[in-house]
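Undergrad: Okay, handing you the structure first.
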Amino acid sequence: MTAVLGGDVDTAQLSNLLAHGVATASSTNLSVQDGVSSISVTGFGFTFDGDGDVTGGTSTGGDFNISGGLHGHITGLSTPVLGIATSVEQNTTAQILSTMLSGNDSIVGDSAANTIHGFSGNDTIQRLGRTALLFGDDGDNGDDSLAGGAGEDHLVGGTGGDTLAGGGGANGFEVLPGDSRSSLASGHPKRLDHITDWTSSDFLQFTGGPVMTGRVLDFHPAEGGRVMLDPGATDTLSRVGADTVEPQRR
């Protein structure tokens, strides 16, 4: 599946669209629009009951433009359209995208994107342009690849062995409890999170309690590298070879 997304999925709402939108439907298209916002789902074999509610069919793509800036174009789907219709009725754009982006996806955030989620699966997320929040997955151990743009991005790989690249700017890399599935001692370094373009202006943040192991390549405190730990948590930091780690609490 391939998607181009923009805007903020965490803040966009569908209430006005659902309350005032006009729906149209056929065996290959299901759409609703209110003059400001619109959602259109394409596919094949769409069926409907006597009240006009969708009962079956397969979606192959979709377009949406939601008041507040969220917009997107998605292709390459093979998803039951009933699940998408149910998500729309729940008035949450996050649920819609979670349904549509449930596989191994290639996602590009356009110049307007500021929050992007890969949800489940092994996803590749690339940010073009300014500052953004990039979230790899939704707790399914997906091995995601996240790449920030020219701005000051914040990257959260999620569970699984993720590859993170901040791009330009001063970027933050956040690790949550259980995000990494392995440790250096296990002999499976590919299951670790890897940051591939660390610079002296970046920072690494451990949040929310105990986590497993992550690896930072090319970490130099003398050049301004920082490790951020949550106050009150018990943490263990290890160094490899001649590296020096001097953590400071926020």
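In the structure tokens, each chain is lettered A, B, ... as it comes, each chain's residues begin at 1, and ligands are numbered from 1 in order of appearance.
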Give one line per residue of range 48-116 of chain A that approaches range 120-140 of chain A to at most 7 Å, naming the two atoms of the closest pair and their distance in Å to one decimal, counting only C-alpha atoms; sort by chain then ascending residue number and deliver it as a tab-separated table.

TA:
residue	atom	partner	partner_atom	distance
A:Ser102	CA	A:Ser120	CA	5.0
A:Gly103	CA	A:Gly121	CA	4.7
A:Asn104	CA	A:Gly121	CA	4.6
A:Asp105	CA	A:Asp123	CA	4.7
A:Ser106	CA	A:Thr124	CA	4.8
A:Ile107	CA	A:Ile125	CA	4.8
A:Val108	CA	A:Gln126	CA	4.9
A:Gly109	CA	A:Arg127	CA	4.7
A:Asp110	CA	A:Leu128	CA	5.4
A:Ser111	CA	A:Gly129	CA	4.9
A:Ala113	CA	A:Ala132	CA	6.7
A:Asn114	CA	A:Ala132	CA	4.1
A:Thr115	CA	A:Leu133	CA	4.7
A:Ile116	CA	A:Leu134	CA	5.0

Undergrad: Near range 79-90 of chain A, within 7 Å and counting only C-alpha atoms, which residues show up once chain neighbours fewer than 4 positions away are dropped, as a compact mmCIF listing (two decimals) with C-alpha atoms, in the first residue's frame?

TA:
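Dumped everything to selection.txt:
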# COMPACT_ATOMS: atom_id res chain seq x y z
CA VAL A 54 -22.74 -0.73 2.86
CA THR A 55 -22.67 -4.48 3.50
CA GLY A 56 -19.71 -5.75 1.50
CA GLY A 57 -17.04 -5.21 -1.13
CA THR A 58 -13.31 -4.55 -1.33
CA SER A 59 -11.60 -1.17 -1.21
CA THR A 60 -8.54 -0.58 -3.39
CA GLN A 95 -9.43 4.69 13.23
CA ILE A 96 -9.99 5.12 9.47
CA THR A 99 -7.91 0.27 9.12
CA MET A 100 -6.49 1.38 5.77

Undergrad: Name the closest residue to Gln33 in chain A among the candidates A:Gly21, A:Gly50, A:Gly61, A:Gly45; distances are taken between atoms, counting only C-alpha atoms.

TA: A:Gly21

Undergrad: Residues within 12 Å of Ser67 in chain A, please, as number ranges by chain. Count only C-alpha atoms; anything in the same chain fewer than 3 positions from it doesn't count.

TA: A: 7-9, 11-17, 33-39, 64, 70-71, 93

Undergrad: From a DSSP pass on the backbone, collect the residues of range 12-228 of chain A flagged as alpha helix (DSSP H) and hand them back as a list in words.

TA: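 Residues of range 12-228 of chain A classed as alpha helix (DSSP H): Ser15, Asn16, Leu17, Leu18, Ala19, His20, Val81, Leu82, Gly83, Ile84, Ala85, Thr86, Ser87, Val88, Glu89, Thr93, Ala94, Gln95, Ile96, Leu97, Ser98, Thr99 and Met100 of chain A.
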
Undergrad: Go ahead and save the residues from that selection, with N, CA, C and O atoms, as a CSV table (one decimal), in the first residue's frame.

TA:
chain,number,residue,atom,x,y,z
A,15,SER,N,-17.1,15.1,12.6
A,15,SER,CA,-18.4,15.3,13.1
A,15,SER,C,-19.2,16.2,12.1
A,15,SER,O,-20.4,15.9,11.8
A,16,ASN,N,-18.7,17.3,11.6
A,16,ASN,CA,-19.4,18.1,10.7
A,16,ASN,C,-19.7,17.4,9.4
A,16,ASN,O,-20.8,17.5,8.8
A,17,LEU,N,-18.8,16.6,8.9
A,17,LEU,CA,-18.9,15.9,7.7
A,17,LEU,C,-20.1,14.8,7.8
A,17,LEU,O,-20.9,14.7,7.0
A,18,LEU,N,-20.1,14.1,9.0
A,18,LEU,CA,-21.1,13.1,9.2
A,18,LEU,C,-22.5,13.7,9.4
A,18,LEU,O,-23.5,13.1,9.0
A,19,ALA,N,-22.5,14.9,10.0
A,19,ALA,CA,-23.8,15.5,10.3
A,19,ALA,C,-24.4,16.2,9.1
A,19,ALA,O,-25.7,16.2,8.9
A,20,HIS,N,-23.6,16.7,8.2
A,20,HIS,CA,-24.1,17.5,7.1
A,20,HIS,C,-23.7,17.0,5.7
A,20,HIS,O,-24.1,17.6,4.7
A,81,VAL,N,-14.4,-3.0,2.6
A,81,VAL,CA,-14.9,-1.6,2.7
A,81,VAL,C,-15.8,-1.5,3.9
A,81,VAL,O,-16.0,-0.3,4.4
A,82,LEU,N,-16.4,-2.5,4.4
A,82,LEU,CA,-17.3,-2.4,5.6
A,82,LEU,C,-16.5,-1.9,6.8
A,82,LEU,O,-17.0,-1.2,7.6
A,83,GLY,N,-15.2,-2.4,6.9
A,83,GLY,CA,-14.4,-1.9,8.0
A,83,GLY,C,-14.1,-0.4,7.9
A,83,GLY,O,-14.1,0.3,9.0
A,84,ILE,N,-13.9,0.1,6.7
A,84,ILE,CA,-13.7,1.5,6.5
A,84,ILE,C,-14.9,2.3,6.9
A,84,ILE,O,-14.9,3.3,7.5
A,85,ALA,N,-16.1,1.8,6.4
A,85,ALA,CA,-17.3,2.5,6.6
A,85,ALA,C,-17.6,2.6,8.1
A,85,ALA,O,-18.1,3.6,8.7
A,86,THR,N,-17.3,1.5,8.8
A,86,THR,CA,-17.5,1.4,10.3
A,86,THR,C,-16.6,2.5,11.0
A,86,THR,O,-17.1,3.1,11.9
A,87,SER,N,-15.4,2.6,10.5
A,87,SER,CA,-14.5,3.6,11.1
A,87,SER,C,-15.0,5.0,10.9
A,87,SER,O,-14.8,5.8,11.8
A,88,VAL,N,-15.5,5.3,9.7
A,88,VAL,CA,-16.0,6.6,9.4
A,88,VAL,C,-17.2,6.9,10.4
A,88,VAL,O,-17.2,8.0,11.0
A,89,GLU,N,-18.0,6.0,10.7
A,89,GLU,CA,-19.1,6.2,11.6
A,89,GLU,C,-18.7,6.4,13.0
A,89,GLU,O,-19.4,7.0,13.8
A,93,THR,N,-10.6,10.0,12.5
A,93,THR,CA,-9.8,9.8,11.4
A,93,THR,C,-8.7,8.8,11.7
A,93,THR,O,-8.2,8.1,10.8
A,94,ALA,N,-8.2,8.7,13.0
A,94,ALA,CA,-7.2,7.8,13.3
A,94,ALA,C,-7.6,6.3,13.1
A,94,ALA,O,-6.9,5.5,12.6
A,95,GLN,N,-8.9,6.0,13.4
A,95,GLN,CA,-9.4,4.7,13.2
A,95,GLN,C,-9.5,4.4,11.7
A,95,GLN,O,-9.3,3.2,11.3
A,96,ILE,N,-9.9,5.3,10.9
A,96,ILE,CA,-10.0,5.1,9.5
A,96,ILE,C,-8.6,4.8,8.9
A,96,ILE,O,-8.4,3.8,8.2
A,97,LEU,N,-7.6,5.5,9.3
A,97,LEU,CA,-6.3,5.3,8.8
A,97,LEU,C,-5.7,4.0,9.4
A,97,LEU,O,-4.9,3.3,8.7
A,98,SER,N,-6.0,3.7,10.6
A,98,SER,CA,-5.6,2.4,11.2
A,98,SER,C,-6.1,1.2,10.4
A,98,SER,O,-5.4,0.2,10.2
A,99,THR,N,-7.3,1.3,9.9
A,99,THR,CA,-7.9,0.3,9.1
A,99,THR,C,-7.3,0.2,7.7
A,99,THR,O,-6.9,-0.9,7.3
A,100,MET,N,-7.0,1.3,7.1
A,100,MET,CA,-6.5,1.4,5.8
A,100,MET,C,-5.0,1.1,5.7
A,100,MET,O,-4.5,0.6,4.8

Undergrad: Quick check, in Å to one decimal: how far apart do CA of Asp63 in chain A and CA of Phe119 in chain A lie?

TA: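 A separation of 18.2 Å between them.
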
Undergrad: Name the residues of range 36-205 of chain A that fall into strand (DSSP E or B) according to DSSP on the backbone, using the chain letters and numbers of this document, as a VMD selection string.

TA: chain A and resid 38 to 48 54 to 65 71 to 80 106 to 117 124 to 127 133 to 135 145 to 147 154 to 156 163 to 165 172 to 175 193 to 195 203 to 205

Undergrad: Any idea what the distance is between CA of Thr163 in chain A and CA of Leu146 in chain A?

TA: 6.3 Å

Undergrad: For Asp10 in chain A, which residue among A:Gly148, A:His117, A:His154, A:Asp143 is the nearest when counting only C-alpha atoms?

TA: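 Comparing A:Gly148, A:His117, A:His154, A:Asp143 against Asp10 in chain A, the winner is A:His117.
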
Undergrad: Tell me which protein, DNA and RNA residues are within 10 Å of Thr24 in chain A, counting only C-alpha atoms, leaving out same-chain ones fewer than 3 positions away, and put them as a compact mmCIF listing (two decimals) with C-alpha atoms, in the first residue's frame.

TA:
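Contents of part.txt, freshly written:
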# COMPACT_ATOMS: atom_id res chain seq x y z
CA GLY A 21 -22.43 15.53 4.35
CA ASN A 29 -17.31 4.13 -5.14
CA LEU A 30 -18.49 5.27 -1.72
CA SER A 31 -18.17 8.95 -0.84
CA VAL A 32 -19.48 11.65 1.46
CA GLN A 33 -18.87 15.41 1.20
CA SER A 40 -14.03 8.93 -1.14
CA GLY A 52 -28.32 2.27 1.75

Undergrad: Just the number, please: distance in Å from CA of Gly166 in chain A to CA of Ser145 in chain A, one decimal.

TA: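 Distance reported for this atom pair: 11.0 Å.
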